[in-house]
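Asker: What follows is coords.cif, made up of mmCIF, N, CA and C atoms:
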```cif
data_protein
#
loop_
_atom_site.label_atom_id
_atom_site.label_comp_id
_atom_site.auth_asym_id
_atom_site.auth_seq_id
_atom_site.Cartn_x
_atom_site.Cartn_y
_atom_site.Cartn_z
N MET A 1 33.33 -128.50 -61.12
CA MET A 1 33.99 -127.85 -62.25
C MET A 1 35.42 -127.51 -61.83
N THR A 2 36.39 -127.98 -62.58
CA THR A 2 37.79 -127.66 -62.33
C THR A 2 38.15 -126.41 -63.13
N MET A 3 38.76 -125.44 -62.45
CA MET A 3 39.12 -124.19 -63.10
C MET A 3 40.50 -123.78 -62.62
N GLN A 4 41.31 -123.29 -63.54
CA GLN A 4 42.63 -122.78 -63.20
C GLN A 4 42.71 -121.35 -63.70
N ILE A 5 43.21 -120.45 -62.87
CA ILE A 5 43.38 -119.05 -63.25
C ILE A 5 44.86 -118.71 -63.14
N THR A 6 45.41 -118.19 -64.25
CA THR A 6 46.84 -117.91 -64.33
C THR A 6 47.07 -116.51 -64.87
N PRO A 7 47.93 -115.70 -64.23
CA PRO A 7 48.29 -114.41 -64.83
C PRO A 7 49.04 -114.64 -66.14
N PHE A 8 48.75 -113.80 -67.14
CA PHE A 8 49.32 -113.96 -68.47
C PHE A 8 49.84 -112.61 -68.93
N ILE A 9 51.15 -112.51 -69.10
CA ILE A 9 51.78 -111.26 -69.54
C ILE A 9 51.98 -111.33 -71.05
N MET A 10 51.38 -110.38 -71.77
CA MET A 10 51.52 -110.29 -73.23
C MET A 10 52.37 -109.07 -73.57
N LEU A 11 53.42 -109.30 -74.35
CA LEU A 11 54.34 -108.22 -74.70
C LEU A 11 54.44 -108.07 -76.21
N ASP A 12 55.15 -107.05 -76.64
CA ASP A 12 55.29 -106.74 -78.06
C ASP A 12 56.75 -106.93 -78.48
N GLY A 13 57.22 -108.20 -78.39
CA GLY A 13 58.58 -108.51 -78.82
C GLY A 13 59.59 -108.56 -77.70
N GLN A 14 59.16 -108.36 -76.45
CA GLN A 14 60.10 -108.37 -75.33
C GLN A 14 59.95 -109.61 -74.44
N ALA A 15 59.22 -110.64 -74.88
CA ALA A 15 58.97 -111.81 -74.02
C ALA A 15 60.26 -112.52 -73.63
N GLU A 16 61.18 -112.72 -74.57
CA GLU A 16 62.46 -113.37 -74.24
C GLU A 16 63.20 -112.61 -73.15
N GLU A 17 63.25 -111.29 -73.29
CA GLU A 17 63.92 -110.45 -72.30
C GLU A 17 63.21 -110.55 -70.94
N ALA A 18 61.87 -110.53 -70.96
CA ALA A 18 61.10 -110.61 -69.72
C ALA A 18 61.32 -111.97 -69.04
N ILE A 19 61.35 -113.03 -69.82
CA ILE A 19 61.58 -114.38 -69.26
C ILE A 19 62.93 -114.43 -68.55
N ARG A 20 63.97 -113.92 -69.21
CA ARG A 20 65.30 -113.89 -68.58
C ARG A 20 65.28 -113.06 -67.29
N PHE A 21 64.57 -111.93 -67.35
CA PHE A 21 64.47 -111.07 -66.17
C PHE A 21 63.78 -111.80 -65.01
N TYR A 22 62.66 -112.48 -65.28
CA TYR A 22 61.92 -113.18 -64.22
C TYR A 22 62.70 -114.39 -63.70
N GLU A 23 63.50 -115.00 -64.56
CA GLU A 23 64.37 -116.09 -64.08
C GLU A 23 65.34 -115.54 -63.03
N GLN A 24 65.94 -114.40 -63.35
CA GLN A 24 66.94 -113.81 -62.47
C GLN A 24 66.30 -113.16 -61.25
N ALA A 25 65.26 -112.37 -61.46
CA ALA A 25 64.67 -111.59 -60.37
C ALA A 25 63.79 -112.43 -59.44
N LEU A 26 63.07 -113.40 -60.00
CA LEU A 26 62.10 -114.16 -59.21
C LEU A 26 62.47 -115.62 -59.02
N GLY A 27 63.57 -116.06 -59.62
CA GLY A 27 63.93 -117.47 -59.54
C GLY A 27 63.01 -118.35 -60.36
N ALA A 28 62.37 -117.79 -61.38
CA ALA A 28 61.44 -118.54 -62.22
C ALA A 28 62.17 -119.61 -63.01
N LYS A 29 61.50 -120.71 -63.24
CA LYS A 29 62.01 -121.81 -64.06
C LYS A 29 61.11 -121.96 -65.28
N VAL A 30 61.70 -121.97 -66.47
CA VAL A 30 60.92 -122.14 -67.69
C VAL A 30 60.60 -123.63 -67.85
N VAL A 31 59.30 -123.95 -67.84
CA VAL A 31 58.90 -125.35 -68.00
C VAL A 31 58.35 -125.62 -69.40
N PHE A 32 58.05 -124.55 -70.15
CA PHE A 32 57.60 -124.69 -71.54
C PHE A 32 57.84 -123.37 -72.25
N LYS A 33 58.28 -123.47 -73.51
CA LYS A 33 58.42 -122.26 -74.34
C LYS A 33 58.34 -122.68 -75.80
N GLN A 34 57.53 -121.96 -76.57
CA GLN A 34 57.37 -122.24 -78.00
C GLN A 34 57.30 -120.92 -78.76
N SER A 35 58.02 -120.85 -79.87
CA SER A 35 57.95 -119.65 -80.71
C SER A 35 56.82 -119.81 -81.72
N PHE A 36 56.42 -118.71 -82.32
CA PHE A 36 55.41 -118.78 -83.37
C PHE A 36 55.89 -119.64 -84.53
N GLY A 37 57.19 -119.60 -84.80
CA GLY A 37 57.76 -120.39 -85.89
C GLY A 37 57.70 -121.89 -85.64
N GLN A 38 57.60 -122.29 -84.38
CA GLN A 38 57.51 -123.72 -84.04
C GLN A 38 56.07 -124.23 -84.09
N ALA A 39 55.11 -123.34 -84.15
CA ALA A 39 53.70 -123.73 -84.18
C ALA A 39 53.29 -124.08 -85.61
N PRO A 40 52.27 -124.92 -85.76
CA PRO A 40 51.81 -125.24 -87.12
C PRO A 40 51.22 -124.00 -87.79
N GLU A 41 51.51 -123.84 -89.08
CA GLU A 41 50.98 -122.69 -89.81
C GLU A 41 49.53 -122.93 -90.20
N THR A 42 48.76 -121.86 -90.22
CA THR A 42 47.38 -121.92 -90.65
C THR A 42 47.36 -121.83 -92.17
N PRO A 43 46.72 -122.81 -92.85
CA PRO A 43 46.66 -122.77 -94.32
C PRO A 43 46.07 -121.45 -94.82
N GLY A 44 46.72 -120.86 -95.80
CA GLY A 44 46.27 -119.62 -96.40
C GLY A 44 46.64 -118.38 -95.60
N GLN A 45 47.29 -118.55 -94.46
CA GLN A 45 47.72 -117.40 -93.64
C GLN A 45 49.19 -117.56 -93.30
N PRO A 46 50.08 -117.25 -94.25
CA PRO A 46 51.51 -117.44 -93.98
C PRO A 46 51.98 -116.55 -92.82
N MET A 47 52.90 -117.07 -92.05
CA MET A 47 53.45 -116.37 -90.89
C MET A 47 54.54 -115.41 -91.37
N PRO A 48 54.43 -114.12 -91.06
CA PRO A 48 55.50 -113.18 -91.42
C PRO A 48 56.81 -113.58 -90.75
N GLU A 49 57.92 -113.45 -91.44
CA GLU A 49 59.23 -113.85 -90.92
C GLU A 49 59.56 -113.18 -89.60
N GLU A 50 59.22 -111.89 -89.45
CA GLU A 50 59.57 -111.17 -88.22
C GLU A 50 58.79 -111.66 -87.01
N VAL A 51 57.75 -112.46 -87.22
CA VAL A 51 56.93 -112.98 -86.12
C VAL A 51 57.43 -114.35 -85.66
N LYS A 52 58.06 -115.10 -86.55
CA LYS A 52 58.43 -116.49 -86.26
C LYS A 52 59.32 -116.65 -85.03
N SER A 53 60.17 -115.68 -84.74
CA SER A 53 61.07 -115.81 -83.59
C SER A 53 60.44 -115.35 -82.28
N ARG A 54 59.27 -114.74 -82.35
CA ARG A 54 58.60 -114.28 -81.13
C ARG A 54 58.08 -115.46 -80.31
N VAL A 55 57.97 -115.25 -79.00
CA VAL A 55 57.47 -116.30 -78.11
C VAL A 55 55.95 -116.37 -78.23
N ALA A 56 55.44 -117.52 -78.70
CA ALA A 56 54.00 -117.72 -78.81
C ALA A 56 53.40 -118.05 -77.45
N HIS A 57 54.14 -118.81 -76.64
CA HIS A 57 53.67 -119.16 -75.30
C HIS A 57 54.83 -119.67 -74.47
N SER A 58 54.82 -119.31 -73.20
CA SER A 58 55.78 -119.88 -72.26
C SER A 58 55.09 -120.04 -70.91
N VAL A 59 55.56 -121.01 -70.17
CA VAL A 59 55.08 -121.26 -68.82
C VAL A 59 56.28 -121.18 -67.88
N LEU A 60 56.21 -120.28 -66.92
CA LEU A 60 57.26 -120.14 -65.93
C LEU A 60 56.71 -120.62 -64.60
N LYS A 61 57.50 -121.36 -63.89
CA LYS A 61 57.12 -121.85 -62.56
C LYS A 61 57.86 -121.00 -61.54
N ILE A 62 57.12 -120.40 -60.62
CA ILE A 62 57.69 -119.59 -59.55
C ILE A 62 57.14 -120.16 -58.25
N GLY A 63 57.94 -120.93 -57.56
CA GLY A 63 57.44 -121.65 -56.40
C GLY A 63 56.39 -122.64 -56.86
N ASP A 64 55.20 -122.58 -56.26
CA ASP A 64 54.09 -123.44 -56.66
C ASP A 64 53.19 -122.78 -57.71
N ALA A 65 53.46 -121.53 -58.06
CA ALA A 65 52.60 -120.78 -58.98
C ALA A 65 53.15 -120.83 -60.40
N GLU A 66 52.26 -120.56 -61.36
CA GLU A 66 52.65 -120.46 -62.76
C GLU A 66 52.41 -119.04 -63.25
N LEU A 67 53.22 -118.63 -64.22
CA LEU A 67 53.08 -117.36 -64.89
C LEU A 67 53.26 -117.63 -66.37
N PHE A 68 52.34 -117.15 -67.20
CA PHE A 68 52.46 -117.28 -68.65
C PHE A 68 53.04 -115.98 -69.20
N VAL A 69 53.98 -116.09 -70.14
CA VAL A 69 54.57 -114.93 -70.80
C VAL A 69 54.65 -115.21 -72.29
N ALA A 70 54.22 -114.25 -73.11
CA ALA A 70 54.26 -114.43 -74.56
C ALA A 70 54.31 -113.08 -75.26
N ASP A 71 54.61 -113.13 -76.54
CA ASP A 71 54.53 -111.96 -77.41
C ASP A 71 53.25 -112.05 -78.22
N GLY A 72 52.67 -110.92 -78.51
CA GLY A 72 51.59 -110.86 -79.48
C GLY A 72 52.20 -110.60 -80.85
N PHE A 73 51.35 -110.46 -81.85
CA PHE A 73 51.83 -110.01 -83.15
C PHE A 73 52.23 -108.55 -83.01
N PRO A 74 53.11 -108.04 -83.86
CA PRO A 74 53.57 -106.66 -83.72
C PRO A 74 52.41 -105.68 -83.57
N GLY A 75 52.46 -104.89 -82.49
CA GLY A 75 51.46 -103.87 -82.22
C GLY A 75 50.19 -104.37 -81.56
N GLU A 76 50.04 -105.68 -81.39
CA GLU A 76 48.79 -106.23 -80.87
C GLU A 76 48.58 -105.94 -79.39
N PHE A 77 49.62 -106.04 -78.57
CA PHE A 77 49.49 -105.82 -77.14
C PHE A 77 50.51 -104.81 -76.67
N GLY A 78 50.69 -103.73 -77.42
CA GLY A 78 51.74 -102.78 -77.12
C GLY A 78 51.33 -101.63 -76.23
N GLN A 79 50.04 -101.47 -75.94
CA GLN A 79 49.61 -100.34 -75.13
C GLN A 79 49.71 -100.68 -73.66
N ARG A 80 50.05 -99.70 -72.85
CA ARG A 80 50.08 -99.90 -71.40
C ARG A 80 48.69 -100.36 -70.95
N GLY A 81 48.67 -101.33 -70.08
CA GLY A 81 47.40 -101.87 -69.60
C GLY A 81 46.99 -103.13 -70.33
N ASP A 82 47.52 -103.34 -71.54
CA ASP A 82 47.19 -104.54 -72.32
C ASP A 82 48.12 -105.70 -72.01
N GLN A 83 49.19 -105.46 -71.27
CA GLN A 83 50.20 -106.50 -71.08
C GLN A 83 49.75 -107.62 -70.15
N LEU A 84 48.86 -107.37 -69.24
CA LEU A 84 48.48 -108.39 -68.27
C LEU A 84 47.03 -108.80 -68.49
N SER A 85 46.80 -110.09 -68.61
CA SER A 85 45.45 -110.62 -68.70
C SER A 85 45.35 -111.82 -67.78
N ILE A 86 44.16 -112.35 -67.66
CA ILE A 86 43.92 -113.53 -66.83
C ILE A 86 43.55 -114.67 -67.76
N CYS A 87 44.29 -115.76 -67.67
CA CYS A 87 43.99 -116.94 -68.47
C CYS A 87 43.15 -117.89 -67.63
N MET A 88 41.92 -118.16 -68.06
CA MET A 88 41.04 -119.09 -67.37
C MET A 88 41.04 -120.40 -68.14
N THR A 89 41.45 -121.47 -67.50
CA THR A 89 41.54 -122.78 -68.14
C THR A 89 40.40 -123.65 -67.63
N SER A 90 39.60 -124.15 -68.57
CA SER A 90 38.53 -125.07 -68.19
C SER A 90 38.77 -126.43 -68.84
N GLY A 91 38.05 -127.42 -68.35
CA GLY A 91 38.23 -128.77 -68.84
C GLY A 91 37.27 -129.17 -69.93
N ASP A 92 36.32 -128.27 -70.28
CA ASP A 92 35.36 -128.64 -71.33
C ASP A 92 34.87 -127.40 -72.09
N VAL A 93 34.45 -127.62 -73.33
CA VAL A 93 34.05 -126.55 -74.24
C VAL A 93 32.81 -125.83 -73.73
N GLU A 94 31.85 -126.54 -73.17
CA GLU A 94 30.62 -125.91 -72.69
C GLU A 94 30.90 -124.89 -71.59
N THR A 95 31.78 -125.22 -70.66
CA THR A 95 32.15 -124.28 -69.60
C THR A 95 32.84 -123.06 -70.20
N SER A 96 33.73 -123.29 -71.15
CA SER A 96 34.42 -122.18 -71.80
C SER A 96 33.44 -121.26 -72.52
N LYS A 97 32.47 -121.84 -73.22
CA LYS A 97 31.45 -121.03 -73.91
C LYS A 97 30.66 -120.19 -72.92
N ARG A 98 30.27 -120.80 -71.80
CA ARG A 98 29.49 -120.09 -70.79
C ARG A 98 30.29 -118.91 -70.23
N LEU A 99 31.56 -119.15 -69.90
CA LEU A 99 32.41 -118.09 -69.38
C LEU A 99 32.60 -116.96 -70.39
N PHE A 100 32.88 -117.34 -71.64
CA PHE A 100 33.13 -116.36 -72.69
C PHE A 100 31.89 -115.49 -72.92
N GLU A 101 30.72 -116.12 -73.01
CA GLU A 101 29.48 -115.38 -73.24
C GLU A 101 29.16 -114.44 -72.08
N ALA A 102 29.41 -114.89 -70.85
CA ALA A 102 29.15 -114.04 -69.69
C ALA A 102 30.08 -112.84 -69.67
N LEU A 103 31.36 -113.05 -69.97
CA LEU A 103 32.33 -111.97 -69.91
C LEU A 103 32.18 -110.96 -71.05
N GLN A 104 31.62 -111.38 -72.18
CA GLN A 104 31.51 -110.45 -73.31
C GLN A 104 30.34 -109.49 -73.20
N GLN A 105 29.44 -109.70 -72.24
CA GLN A 105 28.31 -108.79 -72.06
C GLN A 105 28.80 -107.39 -71.73
N ASP A 106 28.49 -106.44 -72.58
CA ASP A 106 28.93 -105.05 -72.46
C ASP A 106 30.45 -104.91 -72.52
N GLY A 107 31.13 -105.95 -73.02
CA GLY A 107 32.58 -105.92 -73.18
C GLY A 107 32.95 -105.94 -74.65
N GLN A 108 34.16 -106.41 -74.93
CA GLN A 108 34.65 -106.42 -76.31
C GLN A 108 35.36 -107.75 -76.59
N VAL A 109 34.92 -108.42 -77.66
CA VAL A 109 35.58 -109.65 -78.09
C VAL A 109 36.84 -109.27 -78.85
N ARG A 110 37.98 -109.76 -78.38
CA ARG A 110 39.26 -109.47 -79.05
C ARG A 110 39.64 -110.59 -79.99
N MET A 111 39.22 -111.82 -79.66
CA MET A 111 39.39 -112.98 -80.53
C MET A 111 38.22 -113.91 -80.24
N PRO A 112 37.43 -114.25 -81.24
CA PRO A 112 36.27 -115.11 -80.99
C PRO A 112 36.68 -116.45 -80.40
N LEU A 113 35.79 -117.02 -79.61
CA LEU A 113 36.03 -118.35 -79.04
C LEU A 113 35.89 -119.36 -80.16
N GLU A 114 36.98 -120.07 -80.46
CA GLU A 114 36.97 -121.02 -81.57
C GLU A 114 38.06 -122.07 -81.37
N GLU A 115 37.95 -123.13 -82.14
CA GLU A 115 38.98 -124.17 -82.09
C GLU A 115 40.25 -123.64 -82.74
N ILE A 116 41.37 -123.94 -82.10
CA ILE A 116 42.68 -123.54 -82.59
C ILE A 116 43.62 -124.71 -82.32
N TYR A 117 44.76 -124.76 -82.93
CA TYR A 117 45.59 -125.96 -82.88
C TYR A 117 45.90 -126.43 -81.46
N PHE A 118 45.94 -125.54 -80.48
CA PHE A 118 46.29 -125.94 -79.12
C PHE A 118 45.10 -126.07 -78.18
N SER A 119 43.89 -125.80 -78.67
CA SER A 119 42.72 -125.85 -77.80
C SER A 119 41.44 -126.05 -78.61
N PRO A 120 40.49 -126.84 -78.10
CA PRO A 120 39.23 -127.00 -78.80
C PRO A 120 38.32 -125.76 -78.70
N ALA A 121 38.63 -124.85 -77.77
CA ALA A 121 37.88 -123.59 -77.64
C ALA A 121 38.77 -122.58 -76.93
N TYR A 122 39.23 -121.58 -77.69
CA TYR A 122 40.11 -120.54 -77.15
C TYR A 122 39.64 -119.20 -77.68
N GLY A 123 39.59 -118.20 -76.82
CA GLY A 123 39.22 -116.86 -77.25
C GLY A 123 39.69 -115.83 -76.24
N ILE A 124 39.65 -114.57 -76.66
CA ILE A 124 40.08 -113.47 -75.80
C ILE A 124 38.96 -112.44 -75.76
N VAL A 125 38.61 -112.02 -74.55
CA VAL A 125 37.53 -111.05 -74.37
C VAL A 125 37.92 -110.07 -73.27
N THR A 126 37.61 -108.79 -73.49
CA THR A 126 37.81 -107.77 -72.47
C THR A 126 36.43 -107.45 -71.90
N ASP A 127 36.29 -107.58 -70.58
CA ASP A 127 34.98 -107.37 -69.97
C ASP A 127 34.65 -105.88 -69.86
N LYS A 128 33.48 -105.57 -69.36
CA LYS A 128 33.00 -104.18 -69.29
C LYS A 128 33.82 -103.31 -68.34
N PHE A 129 34.69 -103.95 -67.54
CA PHE A 129 35.55 -103.19 -66.62
C PHE A 129 36.95 -102.98 -67.19
N GLY A 130 37.20 -103.48 -68.40
CA GLY A 130 38.50 -103.33 -69.04
C GLY A 130 39.49 -104.43 -68.70
N VAL A 131 39.02 -105.51 -68.05
CA VAL A 131 39.89 -106.63 -67.69
C VAL A 131 39.84 -107.65 -68.83
N THR A 132 41.02 -108.06 -69.32
CA THR A 132 41.09 -108.99 -70.44
C THR A 132 41.27 -110.42 -69.92
N PHE A 133 40.43 -111.31 -70.46
CA PHE A 133 40.47 -112.73 -70.11
C PHE A 133 40.77 -113.55 -71.35
N GLN A 134 41.66 -114.51 -71.21
CA GLN A 134 41.88 -115.50 -72.25
C GLN A 134 41.20 -116.77 -71.75
N ILE A 135 40.26 -117.27 -72.53
CA ILE A 135 39.54 -118.49 -72.17
C ILE A 135 40.21 -119.63 -72.93
N PHE A 136 40.74 -120.58 -72.18
CA PHE A 136 41.48 -121.71 -72.75
C PHE A 136 40.81 -123.01 -72.30
N THR A 137 40.59 -123.91 -73.24
CA THR A 137 40.00 -125.21 -72.93
C THR A 137 41.04 -126.29 -73.16
N LYS A 138 41.22 -127.15 -72.14
CA LYS A 138 42.15 -128.27 -72.28
C LYS A 138 41.58 -129.28 -73.26
N ARG A 139 42.46 -129.94 -73.99
CA ARG A 139 42.04 -131.04 -74.84
C ARG A 139 41.74 -132.24 -73.94
N PRO A 140 40.69 -133.01 -74.29
CA PRO A 140 40.36 -134.18 -73.46
C PRO A 140 41.46 -135.23 -73.48
#
```
Could you express the structure from this file as structure tokens?

Answerer:
Amino acid sequence: MTMQITPFIMLDGQAEEAIRFYEQALGAKVVFKQSFGQAPETPGQPMPEEVKSRVAHSVLKIGDAELFVADGFPGEFGQRGDQLSICMTSGDVETSKRLFEALQQDGQVRMPLEEIYFSPAYGIVTDKFGVTFQIFTKRP
């Protein structure tokens, strides 16, 4: 089973500022960045204008390591302690389901594991210890 674990910083509108800071402070290189406005819209769920300029996802390379930085929707990840999660990337939906189900025991589902435009199975769960995991499945 191939698994990748990446720290994921979620902010409330400060992702652009954080990316610039990590470029300067850590020598990070931006290898991918997409705003919510660049992502396909979900039918029947129009994107609010104030959200379109926020960073939906970015990948920063620091040496051989990666760091993900993004904004949530307004107020979604604004509390202290919510900014850092662990993104677990698997190569298949069955592994992602198994991980998600195991982590949700006595925890809290923040976003159900489901197909989304960038992944065949993606969800967010906070385990019983208060650690938040984003389960991401690569497309075949």

Asker: Extract, using only N, CA and C atoms, all DNA, RNA and protein residues at most 5 Å from segment 11-24 of chain A, discarding same-chain residues fewer than 6 positions from it, and format them as a list in words.

Answerer: Ala70, Asp71 and Gly72 of chain A

Asker: Give me, as an mmCIF file with N, CA and C atoms, keeping the file's coordinate frame, all polymer residues having an atom no more than 5 Å from Ile124 of chain A, counting only N, CA and C atoms and skipping those fewer than 2 positions away in the same chain.

Answerer:
```cif
data_model
loop_
_atom_site.group_PDB
_atom_site.id
_atom_site.type_symbol
_atom_site.label_atom_id
_atom_site.label_comp_id
_atom_site.auth_asym_id
_atom_site.auth_seq_id
_atom_site.Cartn_x
_atom_site.Cartn_y
_atom_site.Cartn_z
ATOM 1 N N VAL A 109 34.920 -108.420 -77.660
ATOM 2 C CA VAL A 109 35.580 -109.650 -78.090
ATOM 3 C C VAL A 109 36.840 -109.270 -78.850
ATOM 4 N N ARG A 110 37.980 -109.760 -78.380
ATOM 5 C CA ARG A 110 39.260 -109.470 -79.050
ATOM 6 C C ARG A 110 39.640 -110.590 -79.990
ATOM 7 N N MET A 111 39.220 -111.820 -79.660
ATOM 8 C CA MET A 111 39.390 -112.980 -80.530
ATOM 9 C C MET A 111 38.220 -113.910 -80.240
ATOM 10 N N TYR A 122 39.230 -121.580 -77.690
ATOM 11 C CA TYR A 122 40.110 -120.540 -77.150
ATOM 12 C C TYR A 122 39.640 -119.200 -77.680
ATOM 13 N N THR A 126 37.610 -108.790 -73.490
ATOM 14 C CA THR A 126 37.810 -107.770 -72.470
ATOM 15 C C THR A 126 36.430 -107.450 -71.900
ATOM 16 N N PHE A 133 40.430 -111.310 -70.460
ATOM 17 C CA PHE A 133 40.470 -112.730 -70.110
ATOM 18 C C PHE A 133 40.770 -113.550 -71.350
ATOM 19 N N GLN A 134 41.660 -114.510 -71.210
ATOM 20 C CA GLN A 134 41.880 -115.500 -72.250
ATOM 21 C C GLN A 134 41.200 -116.770 -71.750
ATOM 22 N N ILE A 135 40.260 -117.270 -72.530
ATOM 23 C CA ILE A 135 39.540 -118.490 -72.170
ATOM 24 C C ILE A 135 40.210 -119.630 -72.930
#
```

Asker: Excluding Leu84 of chain A and its own-chain neighbours fewer than 3 positions away, which residues fall within 6.5 Å of it when counting all atoms listed in the file? Please give them as a ChimeraX atom specification.

Answerer: /A:8-10,81,132

Asker: Give me, as a ChimeraX atom specification, the residues of chain A that a backbone DSSP run labels strand (DSSP E).

Answerer: /A:3-11,29-35,55-62,65-71,84-90,108-116,119-126,132-137

Asker: Quick check on the file I pasted: which residues fall under the PyMOL selection byres (((chain A and resi 94-98 and name CA) around 10) and name CA)? Write them as a list in words.

Answerer: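 Checked against the file, the PyMOL selection byres (((chain A and resi 94-98 and name CA) around 10) and name CA) matches Met1, Thr2, Met3, Met88, Thr89, Ser90, Gly91, Asp92, Val93, Leu99, Phe100, Glu101, Ala102, Leu103, Leu113, Glu114, Pro120, Ala121, Tyr122, Gly123, Ile135, Phe136, Thr137 and Lys138 of chain A.
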
Asker: Rounded to one decimal place, report the atom C of Leu67 of chain A-atom N of Pro7 of chain A distance in Å.

Answerer: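 According to the coordinates, atom C of Leu67 of chain A and atom N of Pro7 of chain A are separated by 6.1 Å.
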
Asker: What's the separation between atom C of Glu115 of chain A and atom C of Lys61 of chain A, in Å to one decimal place?

Answerer: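 Result for atom C of Glu115 of chain A versus atom C of Lys61 of chain A: 27.7 Å, one decimal.
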
Asker: Give the answer as one residue: which of A:Ser119, A:Ser85, A:Gln45, A:Ser53 has the shortest atom-to-atom distance to Arg139 of chain A, using only N, CA and C atoms?

Answerer: A:Ser119

Asker: List every residue of segment 13-131 of chain A that DSSP, applied to the backbone, labels as helix (DSSP H, G or I), and write the result as number ranges by chain.

Answerer: A: 15-26, 36-38, 49-52, 93-104

Asker: What would the file look like if the residues just selected were written as a compact mmCIF listing (two decimals), in the coordinates of the input with N, CA and C atoms?

Answerer:
```txt
# COMPACT_ATOMS: atom_id res chain seq x y z
N ALA A 15 59.22 -110.64 -74.88
CA ALA A 15 58.97 -111.81 -74.02
C ALA A 15 60.26 -112.52 -73.63
N GLU A 16 61.18 -112.72 -74.57
CA GLU A 16 62.46 -113.37 -74.24
C GLU A 16 63.20 -112.61 -73.15
N GLU A 17 63.25 -111.29 -73.29
CA GLU A 17 63.92 -110.45 -72.30
C GLU A 17 63.21 -110.55 -70.94
N ALA A 18 61.87 -110.53 -70.96
CA ALA A 18 61.10 -110.61 -69.72
C ALA A 18 61.32 -111.97 -69.04
N ILE A 19 61.35 -113.03 -69.82
CA ILE A 19 61.58 -114.38 -69.26
C ILE A 19 62.93 -114.43 -68.55
N ARG A 20 63.97 -113.92 -69.21
CA ARG A 20 65.30 -113.89 -68.58
C ARG A 20 65.28 -113.06 -67.29
N PHE A 21 64.57 -111.93 -67.35
CA PHE A 21 64.47 -111.07 -66.17
C PHE A 21 63.78 -111.80 -65.01
N TYR A 22 62.66 -112.48 -65.28
CA TYR A 22 61.92 -113.18 -64.22
C TYR A 22 62.70 -114.39 -63.70
N GLU A 23 63.50 -115.00 -64.56
CA GLU A 23 64.37 -116.09 -64.08
C GLU A 23 65.34 -115.54 -63.03
N GLN A 24 65.94 -114.40 -63.35
CA GLN A 24 66.94 -113.81 -62.47
C GLN A 24 66.30 -113.16 -61.25
N ALA A 25 65.26 -112.37 -61.46
CA ALA A 25 64.67 -111.59 -60.37
C ALA A 25 63.79 -112.43 -59.44
N LEU A 26 63.07 -113.40 -60.00
CA LEU A 26 62.10 -114.16 -59.21
C LEU A 26 62.47 -115.62 -59.02
N PHE A 36 56.42 -118.71 -82.32
CA PHE A 36 55.41 -118.78 -83.37
C PHE A 36 55.89 -119.64 -84.53
N GLY A 37 57.19 -119.60 -84.80
CA GLY A 37 57.76 -120.39 -85.89
C GLY A 37 57.70 -121.89 -85.64
N GLN A 38 57.60 -122.29 -84.38
CA GLN A 38 57.51 -123.72 -84.04
C GLN A 38 56.07 -124.23 -84.09
N GLU A 49 57.92 -113.45 -91.44
CA GLU A 49 59.23 -113.85 -90.92
C GLU A 49 59.56 -113.18 -89.60
N GLU A 50 59.22 -111.89 -89.45
CA GLU A 50 59.57 -111.17 -88.22
C GLU A 50 58.79 -111.66 -87.01
N VAL A 51 57.75 -112.46 -87.22
CA VAL A 51 56.93 -112.98 -86.12
C VAL A 51 57.43 -114.35 -85.66
N LYS A 52 58.06 -115.10 -86.55
CA LYS A 52 58.43 -116.49 -86.26
C LYS A 52 59.32 -116.65 -85.03
N VAL A 93 34.45 -127.62 -73.33
CA VAL A 93 34.05 -126.55 -74.24
C VAL A 93 32.81 -125.83 -73.73
N GLU A 94 31.85 -126.54 -73.17
CA GLU A 94 30.62 -125.91 -72.69
C GLU A 94 30.90 -124.89 -71.59
N THR A 95 31.78 -125.22 -70.66
CA THR A 95 32.15 -124.28 -69.60
C THR A 95 32.84 -123.06 -70.20
N SER A 96 33.73 -123.29 -71.15
CA SER A 96 34.42 -122.18 -71.80
C SER A 96 33.44 -121.26 -72.52
N LYS A 97 32.47 -121.84 -73.22
CA LYS A 97 31.45 -121.03 -73.91
C LYS A 97 30.66 -120.19 -72.92
N ARG A 98 30.27 -120.80 -71.80
CA ARG A 98 29.49 -120.09 -70.79
C ARG A 98 30.29 -118.91 -70.23
N LEU A 99 31.56 -119.15 -69.90
CA LEU A 99 32.41 -118.09 -69.38
C LEU A 99 32.60 -116.96 -70.39
N PHE A 100 32.88 -117.34 -71.64
CA PHE A 100 33.13 -116.36 -72.69
C PHE A 100 31.89 -115.49 -72.92
N GLU A 101 30.72 -116.12 -73.01
CA GLU A 101 29.48 -115.38 -73.24
C GLU A 101 29.16 -114.44 -72.08
N ALA A 102 29.41 -114.89 -70.85
CA ALA A 102 29.15 -114.04 -69.69
C ALA A 102 30.08 -112.84 -69.67
N LEU A 103 31.36 -113.05 -69.97
CA LEU A 103 32.33 -111.97 -69.91
C LEU A 103 32.18 -110.96 -71.05
N GLN A 104 31.62 -111.38 -72.18
CA GLN A 104 31.51 -110.45 -73.31
C GLN A 104 30.34 -109.49 -73.20
```

Asker: Within 12 Å of Thr42 of chain A, counting only C-alpha atoms, which residues qualify if same-chain residues fewer than 5 places away don't, as a list of chain:residue names?

Answerer: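 In the requested form, the answer reads A:Phe36, A:Gly37, A:Met47, A:Pro48, A:Ile116, A:Tyr117.
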
Asker: Can you spit out the residues from that selection as a tab-separated table (two decimals), in the frame of the given file, using N, CA and C atoms?

Answerer:
```tsv
chain	number	residue	atom	x	y	z
A	36	PHE	N	56.42	-118.71	-82.32
A	36	PHE	CA	55.41	-118.78	-83.37
A	36	PHE	C	55.89	-119.64	-84.53
A	37	GLY	N	57.19	-119.60	-84.80
A	37	GLY	CA	57.76	-120.39	-85.89
A	37	GLY	C	57.70	-121.89	-85.64
A	47	MET	N	52.90	-117.07	-92.05
A	47	MET	CA	53.45	-116.37	-90.89
A	47	MET	C	54.54	-115.41	-91.37
A	48	PRO	N	54.43	-114.12	-91.06
A	48	PRO	CA	55.50	-113.18	-91.42
A	48	PRO	C	56.81	-113.58	-90.75
A	116	ILE	N	41.37	-123.94	-82.10
A	116	ILE	CA	42.68	-123.54	-82.59
A	116	ILE	C	43.62	-124.71	-82.32
A	117	TYR	N	44.76	-124.76	-82.93
A	117	TYR	CA	45.59	-125.96	-82.88
A	117	TYR	C	45.90	-126.43	-81.46
```
